[in-house]
Amino acid sequence: MAFENTAAWKNGLGDRPLRVVAIGGGTGLSTLLRGLKRYVPAPDRRKGRRAGDSQPTVDRRMGSDRPETGVIGELAAVVTVTDDGGSSGRLRKDFKMLPPGDVRNCLVALSEDEHLLSKLFMVRFDQGELEGHSFGNLFVAALSQITGDFAEAVQMSSQILATRGRIFPATNTNVRLAAQMDDGSVVWGETNITASKQSIVELMLEPETAEPLPETLEAIANADLITLGPGSLYTSLITNLLVRGIPEALAASKATKVFVCNLMTQANESLGLTASQHIEKILQHCGGVSAPIFDYALINTAPISAERLEQYAREGQEPIEVDLERVQALGVAPVTGNFVHEGDVLRHDYDRVAETLLELKLSSVAA
């Protein structure tokens, strides 16, 4: 695949590769990163360089079936850190550390696929005292104990796995989620919130003064392209925007900003919400920021098989209603297409999504 707007990129960006920031959590973010990393040069182990440490030469060969691996020069992932269940929850309680699970998934997604260490990071123990823990979670926990700093442990893990990008926790503060529900009750903790049968009215972060890493704000300020999603509306996406300074940084950024809409509604998070209502809920949690947070919304309009629809319907889930006029009324330009991949579960087709995102940026430069 080669981009039609390569010349426009050269003229508009001074012939330098793109700087991309992806914000989110869960499987949605790691899926997106698998697509984006294919456009990042492989790390140069001989010189100890990682993606973003130098300006790579851009591969402009047209007509190639493979991605142009110099299109992205710097790729950064901003990852939510509010998980309090499973292995992450146990480590969080035992070691008073931030949850490593979502970060671990991003580390593996950005690593070289054939690399043995990436497979090792995903190994999950099924017996004994370590039952339920993954090696990757334990590894990050061990580095956190050595360094005394979760963010530093994540960066060290990135170097060991030779990832094609940097990973930043949304905050280095030990935060906890709270949600006001539609019956007036307040539920504490991500696990309890997702298990509740009530609908979320407002999501809150404790402490509300939690701040992002300076590196996160710098990456957002310097970005050419910023994405939010896909992922659980409240517990993977909105959580990042509750960190003081991140919504303001997004509003101030001159980057092309894209919301990647989920494929299906999700129990206890977004049942019954349309595409535009997803965006509205996000904007409502941006602390009164008035400047645009999104320029575009990437929305799947391709049909999903009856078999998968039936599978998800058992949980009350259905494809998100595509209300394009309402999306446009919010000042967001919808970008529609076939972005779905059907396996045992539904996922975004990360190759198509990544290609479309980069084309959007190059098209905006051409304009």
# chains A, B, ... in the order shown; residues from 1 in each chain; ligands from 1
>>> closest_atom_pairs(of="region 144-190 of chain A", to="region 198-210 of chain A", cutoff="10 Å", atoms="only C-alpha atoms", output="Markdown table")
| residue | atom | partner | partner_atom | distance |
| --- | --- | --- | --- | --- |
| A:Ala170 | CA | A:Ala210 | CA | 9.4 |
| A:Thr171 | CA | A:Ala210 | CA | 6.7 |
| A:Asn172 | CA | A:Ala210 | CA | 8.1 |
| A:Thr173 | CA | A:Ala210 | CA | 5.9 |
| A:Asn174 | CA | A:Pro207 | CA | 8.3 |
| A:Val175 | CA | A:Glu206 | CA | 5.5 |
| A:Arg176 | CA | A:Glu206 | CA | 5.2 |
| A:Leu177 | CA | A:Leu205 | CA | 4.9 |
| A:Ala178 | CA | A:Met204 | CA | 5.0 |
| A:Ala179 | CA | A:Leu203 | CA | 4.5 |
| A:Gln180 | CA | A:Glu202 | CA | 5.2 |
| A:Met181 | CA | A:Ile200 | CA | 4.6 |
| A:Asp182 | CA | A:Ser199 | CA | 5.5 |
| A:Asp183 | CA | A:Gln198 | CA | 7.0 |
| A:Gly184 | CA | A:Val201 | CA | 8.9 |
| A:Ser185 | CA | A:Gln198 | CA | 9.0 |
| A:Val186 | CA | A:Ile200 | CA | 9.4 |
| A:Val187 | CA | A:Ile200 | CA | 9.4 |
| A:Trp188 | CA | A:Met204 | CA | 9.4 |
| A:Gly189 | CA | A:Leu205 | CA | 9.8 |
>>> write_last_selection(atoms="N, CA, C and O atoms", output="short mmCIF file (atom, residue, chain, number, x, y, z; two decimals), in the first residue's frame")
data_model
loop_
_atom_site.label_atom_id
_atom_site.label_comp_id
_atom_site.auth_asym_id
_atom_site.auth_seq_id
_atom_site.Cartn_x
_atom_site.Cartn_y
_atom_site.Cartn_z
N ALA A 170 -1.67 7.04 31.64
CA ALA A 170 -2.37 8.32 31.60
C ALA A 170 -1.97 9.22 32.76
O ALA A 170 -1.94 10.44 32.64
N THR A 171 -1.64 8.60 33.90
CA THR A 171 -1.14 9.33 35.06
C THR A 171 -0.27 8.38 35.86
O THR A 171 -0.44 7.16 35.77
N ASN A 172 0.63 8.93 36.63
CA ASN A 172 1.47 8.10 37.50
C ASN A 172 0.91 8.08 38.92
O ASN A 172 1.50 7.50 39.82
N THR A 173 -0.26 8.71 39.09
CA THR A 173 -0.93 8.74 40.38
C THR A 173 -1.80 7.50 40.55
O THR A 173 -2.43 7.04 39.60
N ASN A 174 -1.84 6.96 41.76
CA ASN A 174 -2.67 5.78 42.05
C ASN A 174 -4.12 6.23 42.15
O ASN A 174 -4.59 6.66 43.20
N VAL A 175 -4.85 6.14 41.04
CA VAL A 175 -6.20 6.68 40.95
C VAL A 175 -7.25 5.58 41.07
O VAL A 175 -6.98 4.40 40.84
N ARG A 176 -8.46 6.00 41.41
CA ARG A 176 -9.60 5.10 41.51
C ARG A 176 -10.81 5.73 40.85
O ARG A 176 -11.01 6.95 40.94
N LEU A 177 -11.60 4.91 40.18
CA LEU A 177 -12.79 5.39 39.49
C LEU A 177 -14.01 5.39 40.42
O LEU A 177 -14.14 4.53 41.30
N ALA A 178 -14.88 6.34 40.18
CA ALA A 178 -16.20 6.36 40.82
C ALA A 178 -17.22 6.76 39.76
O ALA A 178 -16.90 7.50 38.83
N ALA A 179 -18.43 6.24 39.88
CA ALA A 179 -19.47 6.55 38.90
C ALA A 179 -20.78 6.84 39.59
O ALA A 179 -21.21 6.09 40.47
N GLN A 180 -21.38 7.95 39.19
CA GLN A 180 -22.75 8.23 39.62
C GLN A 180 -23.68 7.53 38.64
O GLN A 180 -23.57 7.73 37.42
N MET A 181 -24.59 6.71 39.16
CA MET A 181 -25.46 5.93 38.30
C MET A 181 -26.82 6.61 38.16
O MET A 181 -27.14 7.57 38.86
N ASP A 182 -27.64 6.09 37.26
CA ASP A 182 -28.92 6.73 36.97
C ASP A 182 -29.94 6.59 38.09
O ASP A 182 -30.99 7.25 38.06
N ASP A 183 -29.66 5.75 39.09
CA ASP A 183 -30.57 5.66 40.24
C ASP A 183 -30.10 6.53 41.40
O ASP A 183 -30.65 6.46 42.50
N GLY A 184 -29.06 7.34 41.16
CA GLY A 184 -28.56 8.24 42.19
C GLY A 184 -27.43 7.67 43.03
O GLY A 184 -26.80 8.41 43.80
N SER A 185 -27.16 6.39 42.91
CA SER A 185 -26.11 5.77 43.71
C SER A 185 -24.73 6.10 43.13
O SER A 185 -24.60 6.47 41.96
N VAL A 186 -23.71 5.97 43.97
CA VAL A 186 -22.32 6.13 43.54
C VAL A 186 -21.60 4.80 43.72
O VAL A 186 -21.63 4.22 44.82
N VAL A 187 -21.00 4.31 42.67
CA VAL A 187 -20.29 3.03 42.70
C VAL A 187 -18.80 3.29 42.57
O VAL A 187 -18.36 4.07 41.71
N TRP A 188 -18.01 2.65 43.44
CA TRP A 188 -16.56 2.85 43.46
C TRP A 188 -15.84 1.66 42.85
O TRP A 188 -16.20 0.51 43.10
N GLY A 189 -14.81 1.95 42.08
CA GLY A 189 -13.97 0.91 41.52
C GLY A 189 -14.43 0.45 40.14
O GLY A 189 -15.62 0.24 39.92
#
>>> select_by_dssp(residues="region 130-192 of chain A", states="strand (DSSP E or B)", output="number ranges by chain")
A: 134, 166-169, 176-181, 186-188
>>> residues_around(residues="Leu107 (chain A)", least_positions_apart="4", cutoff="7 Å", atoms="only C-alpha atoms", output="ChimeraX atom specification")
/A:103,111,158,163
>>> residues_around(residues="Gly24 (chain A)", least_positions_apart="2", cutoff="8 Å", atoms="only C-alpha atoms", output="tab-separated table (two decimals) with N, CA, C and O atoms, in the first residue's frame")
chain	number	residue	atom	x	y	z
A	22	ALA	N	-1.89	7.69	20.25
A	22	ALA	CA	-3.12	6.90	20.36
A	22	ALA	C	-3.49	6.80	21.84
A	22	ALA	O	-2.68	6.39	22.66
A	26	GLY	N	-7.46	-1.21	27.11
A	26	GLY	CA	-8.09	-2.48	26.77
A	26	GLY	C	-7.63	-3.04	25.44
A	26	GLY	O	-6.63	-2.62	24.87
A	28	GLY	N	-9.02	-2.62	22.61
A	28	GLY	CA	-9.20	-1.66	21.52
A	28	GLY	C	-7.92	-0.93	21.18
A	28	GLY	O	-7.54	-0.83	20.00
A	29	LEU	N	-7.24	-0.41	22.19
A	29	LEU	CA	-6.00	0.32	21.94
A	29	LEU	C	-4.90	-0.59	21.41
A	29	LEU	O	-4.21	-0.25	20.45
A	77	ALA	N	1.57	5.77	22.86
A	77	ALA	CA	0.28	5.30	23.37
A	77	ALA	C	0.08	5.84	24.78
A	77	ALA	O	0.97	5.74	25.63
A	78	VAL	N	-1.08	6.43	25.02
A	78	VAL	CA	-1.47	6.90	26.35
A	78	VAL	C	-2.52	5.94	26.87
A	78	VAL	O	-3.59	5.80	26.27
A	79	VAL	N	-2.22	5.27	27.99
A	79	VAL	CA	-2.99	4.12	28.42
A	79	VAL	C	-3.66	4.37	29.77
A	79	VAL	O	-3.02	4.85	30.72
A	80	THR	N	-4.93	4.01	29.86
A	80	THR	CA	-5.66	4.15	31.11
A	80	THR	C	-5.08	3.24	32.20
A	80	THR	O	-4.55	2.17	31.92
A	228	LEU	N	-8.50	8.65	19.64
A	228	LEU	CA	-9.12	8.17	20.88
A	228	LEU	C	-10.05	7.03	20.50
A	228	LEU	O	-10.96	7.21	19.69
A	229	GLY	N	-9.82	5.85	21.08
A	229	GLY	CA	-10.64	4.69	20.77
A	229	GLY	C	-9.94	3.80	19.76
A	229	GLY	O	-8.88	4.17	19.22
A	230	PRO	N	-10.54	2.63	19.51
A	230	PRO	CA	-11.77	2.12	20.13
A	230	PRO	C	-11.50	1.62	21.54
A	230	PRO	O	-10.36	1.52	21.96
A	231	GLY	N	-12.59	1.32	22.25
A	231	GLY	CA	-12.47	0.82	23.61
A	231	GLY	C	-13.73	1.09	24.40
A	231	GLY	O	-14.61	1.83	23.96
A	236	SER	N	-12.27	2.74	29.40
A	236	SER	CA	-11.05	2.75	28.59
A	236	SER	C	-10.77	4.10	27.95
A	236	SER	O	-9.61	4.45	27.73
A	237	LEU	N	-11.83	4.87	27.65
A	237	LEU	CA	-11.65	6.13	26.93
A	237	LEU	C	-11.79	7.34	27.84
A	237	LEU	O	-10.86	8.14	28.00
A	240	ASN	N	-9.16	8.43	30.60
A	240	ASN	CA	-7.99	9.22	30.24
A	240	ASN	C	-8.28	10.71	30.26
A	240	ASN	O	-7.42	11.52	30.60
>>> residues_around(residues="region 270-279 of chain A", least_positions_apart="2", cutoff="7 Å", atoms="only C-alpha atoms", output="number ranges by chain")
A: 233, 261, 265-268, 281-283, 317, 320-323, 326-327
>>> residues_around(residues="Pro334 (chain A)", least_positions_apart="4", cutoff="7 Å", atoms="only C-alpha atoms", output="PyMOL selection string")
chain A and resi 296-299+324+327-328
>>> select_by_dssp(residues="region 203-255 of chain A", states="helix (DSSP H, G or I)", output="PDB file with N, CA, C and O atoms, in the first residue's frame")
ATOM      1  N   PRO A 214       4.586  14.681  32.120  1.00  0.00           N
ATOM      2  CA  PRO A 214       4.995  15.761  31.203  1.00  0.00           C
ATOM      3  C   PRO A 214       5.233  15.247  29.788  1.00  0.00           C
ATOM      4  O   PRO A 214       4.944  15.944  28.805  1.00  0.00           O
ATOM      5  N   GLU A 215       5.749  14.006  29.676  1.00  0.00           N
ATOM      6  CA  GLU A 215       6.004  13.433  28.355  1.00  0.00           C
ATOM      7  C   GLU A 215       4.714  13.240  27.565  1.00  0.00           C
ATOM      8  O   GLU A 215       4.714  13.350  26.330  1.00  0.00           O
ATOM      9  N   THR A 216       3.617  12.958  28.265  1.00  0.00           N
ATOM     10  CA  THR A 216       2.330  12.793  27.589  1.00  0.00           C
ATOM     11  C   THR A 216       1.872  14.110  26.990  1.00  0.00           C
ATOM     12  O   THR A 216       1.451  14.174  25.826  1.00  0.00           O
ATOM     13  N   LEU A 217       1.946  15.164  27.773  1.00  0.00           N
ATOM     14  CA  LEU A 217       1.533  16.479  27.281  1.00  0.00           C
ATOM     15  C   LEU A 217       2.426  16.936  26.131  1.00  0.00           C
ATOM     16  O   LEU A 217       1.952  17.545  25.155  1.00  0.00           O
ATOM     17  N   GLU A 218       3.704  16.622  26.220  1.00  0.00           N
ATOM     18  CA  GLU A 218       4.628  16.989  25.146  1.00  0.00           C
ATOM     19  C   GLU A 218       4.290  16.226  23.870  1.00  0.00           C
ATOM     20  O   GLU A 218       4.298  16.803  22.771  1.00  0.00           O
ATOM     21  N   ALA A 219       3.985  14.927  24.002  1.00  0.00           N
ATOM     22  CA  ALA A 219       3.640  14.124  22.827  1.00  0.00           C
ATOM     23  C   ALA A 219       2.371  14.646  22.160  1.00  0.00           C
ATOM     24  O   ALA A 219       2.287  14.732  20.924  1.00  0.00           O
ATOM     25  N   ILE A 220       1.363  15.012  22.970  1.00  0.00           N
ATOM     26  CA  ILE A 220       0.117  15.553  22.421  1.00  0.00           C
ATOM     27  C   ILE A 220       0.363  16.880  21.721  1.00  0.00           C
ATOM     28  O   ILE A 220      -0.149  17.148  20.633  1.00  0.00           O
ATOM     29  N   ALA A 221       1.168  17.733  22.347  1.00  0.00           N
ATOM     30  CA  ALA A 221       1.448  19.055  21.774  1.00  0.00           C
ATOM     31  C   ALA A 221       2.177  18.953  20.443  1.00  0.00           C
ATOM     32  O   ALA A 221       1.966  19.791  19.545  1.00  0.00           O
ATOM     33  N   ASN A 222       3.031  17.951  20.290  1.00  0.00           N
ATOM     34  CA  ASN A 222       3.845  17.824  19.076  1.00  0.00           C
ATOM     35  C   ASN A 222       3.222  16.914  18.025  1.00  0.00           C
ATOM     36  O   ASN A 222       3.773  16.763  16.934  1.00  0.00           O
ATOM     37  N   LEU A 233     -16.337   2.710  26.420  1.00  0.00           N
ATOM     38  CA  LEU A 233     -16.572   4.153  26.424  1.00  0.00           C
ATOM     39  C   LEU A 233     -16.096   4.819  27.704  1.00  0.00           C
ATOM     40  O   LEU A 233     -15.350   5.811  27.669  1.00  0.00           O
ATOM     41  N   TYR A 234     -16.511   4.293  28.836  1.00  0.00           N
ATOM     42  CA  TYR A 234     -16.181   4.927  30.111  1.00  0.00           C
ATOM     43  C   TYR A 234     -14.845   4.439  30.669  1.00  0.00           C
ATOM     44  O   TYR A 234     -13.984   5.254  31.040  1.00  0.00           O
ATOM     45  N   THR A 235     -14.653   3.131  30.758  1.00  0.00           N
ATOM     46  CA  THR A 235     -13.517   2.610  31.516  1.00  0.00           C
ATOM     47  C   THR A 235     -12.227   2.481  30.702  1.00  0.00           C
ATOM     48  O   THR A 235     -11.180   2.154  31.273  1.00  0.00           O
ATOM     49  N   SER A 236     -12.274   2.739  29.396  1.00  0.00           N
ATOM     50  CA  SER A 236     -11.046   2.754  28.594  1.00  0.00           C
ATOM     51  C   SER A 236     -10.768   4.100  27.954  1.00  0.00           C
ATOM     52  O   SER A 236      -9.609   4.447  27.726  1.00  0.00           O
ATOM     53  N   LEU A 237     -11.830   4.870  27.651  1.00  0.00           N
ATOM     54  CA  LEU A 237     -11.646   6.128  26.934  1.00  0.00           C
ATOM     55  C   LEU A 237     -11.794   7.345  27.839  1.00  0.00           C
ATOM     56  O   LEU A 237     -10.864   8.140  27.997  1.00  0.00           O
ATOM     57  N   ILE A 238     -12.975   7.494  28.433  1.00  0.00           N
ATOM     58  CA  ILE A 238     -13.241   8.676  29.256  1.00  0.00           C
ATOM     59  C   ILE A 238     -12.285   8.770  30.441  1.00  0.00           C
ATOM     60  O   ILE A 238     -11.919   9.869  30.863  1.00  0.00           O
ATOM     61  N   THR A 239     -11.848   7.633  30.972  1.00  0.00           N
ATOM     62  CA  THR A 239     -10.915   7.649  32.104  1.00  0.00           C
ATOM     63  C   THR A 239      -9.682   8.495  31.812  1.00  0.00           C
ATOM     64  O   THR A 239      -9.194   9.221  32.685  1.00  0.00           O
ATOM     65  N   ASN A 240      -9.161   8.430  30.601  1.00  0.00           N
ATOM     66  CA  ASN A 240      -7.987   9.217  30.238  1.00  0.00           C
ATOM     67  C   ASN A 240      -8.278  10.715  30.263  1.00  0.00           C
ATOM     68  O   ASN A 240      -7.416  11.522  30.604  1.00  0.00           O
ATOM     69  N   LEU A 241      -9.501  11.079  29.904  1.00  0.00           N
ATOM     70  CA  LEU A 241      -9.861  12.490  29.812  1.00  0.00           C
ATOM     71  C   LEU A 241     -10.196  13.096  31.163  1.00  0.00           C
ATOM     72  O   LEU A 241     -10.375  14.313  31.281  1.00  0.00           O
ATOM     73  N   ILE A 246      -5.208  16.740  30.257  1.00  0.00           N
ATOM     74  CA  ILE A 246      -5.272  16.029  28.980  1.00  0.00           C
ATOM     75  C   ILE A 246      -6.339  16.607  28.052  1.00  0.00           C
ATOM     76  O   ILE A 246      -6.056  16.858  26.865  1.00  0.00           O
ATOM     77  N   PRO A 247      -7.581  16.883  28.513  1.00  0.00           N
ATOM     78  CA  PRO A 247      -8.550  17.503  27.592  1.00  0.00           C
ATOM     79  C   PRO A 247      -8.071  18.854  27.072  1.00  0.00           C
ATOM     80  O   PRO A 247      -8.259  19.183  25.890  1.00  0.00           O
ATOM     81  N   GLU A 248      -7.445  19.638  27.940  1.00  0.00           N
ATOM     82  CA  GLU A 248      -6.952  20.951  27.527  1.00  0.00           C
ATOM     83  C   GLU A 248      -5.847  20.813  26.486  1.00  0.00           C
ATOM     84  O   GLU A 248      -5.776  21.580  25.517  1.00  0.00           O
ATOM     85  N   ALA A 249      -4.992  19.803  26.675  1.00  0.00           N
ATOM     86  CA  ALA A 249      -3.918  19.575  25.710  1.00  0.00           C
ATOM     87  C   ALA A 249      -4.482  19.147  24.357  1.00  0.00           C
ATOM     88  O   ALA A 249      -3.987  19.573  23.304  1.00  0.00           O
ATOM     89  N   LEU A 250      -5.519  18.318  24.380  1.00  0.00           N
ATOM     90  CA  LEU A 250      -6.153  17.894  23.132  1.00  0.00           C
ATOM     91  C   LEU A 250      -6.788  19.076  22.408  1.00  0.00           C
ATOM     92  O   LEU A 250      -6.671  19.215  21.187  1.00  0.00           O
ATOM     93  N   ALA A 251      -7.463  19.932  23.167  1.00  0.00           N
ATOM     94  CA  ALA A 251      -8.119  21.090  22.562  1.00  0.00           C
ATOM     95  C   ALA A 251      -7.104  22.046  21.954  1.00  0.00           C
ATOM     96  O   ALA A 251      -7.358  22.659  20.908  1.00  0.00           O
ATOM     97  N   ALA A 252      -5.951  22.176  22.602  1.00  0.00           N
ATOM     98  CA  ALA A 252      -4.931  23.107  22.121  1.00  0.00           C
ATOM     99  C   ALA A 252      -4.110  22.537  20.970  1.00  0.00           C
ATOM    100  O   ALA A 252      -3.471  23.293  20.231  1.00  0.00           O
TER     101      ALA A 252
END
>>> residues_around(residues="region 138-141 of chain A", least_positions_apart="6", cutoff="8 Å", atoms="only C-alpha atoms", output="VMD selection string")
chain A and resid 91 95 97 100 104 121 150 153 to 154 157
>>> closest_residue(among="A:Ala109, A:Ala151, A:Leu225, A:Cys286", to="Thr256 (chain A)", atoms="only C-alpha atoms")
A:Leu225
>>> closest_residue(among="A:Gly128, A:Thr31, A:Gln155, A:Asp295", to="His341 (chain A)", atoms="only C-alpha atoms")
A:Thr31
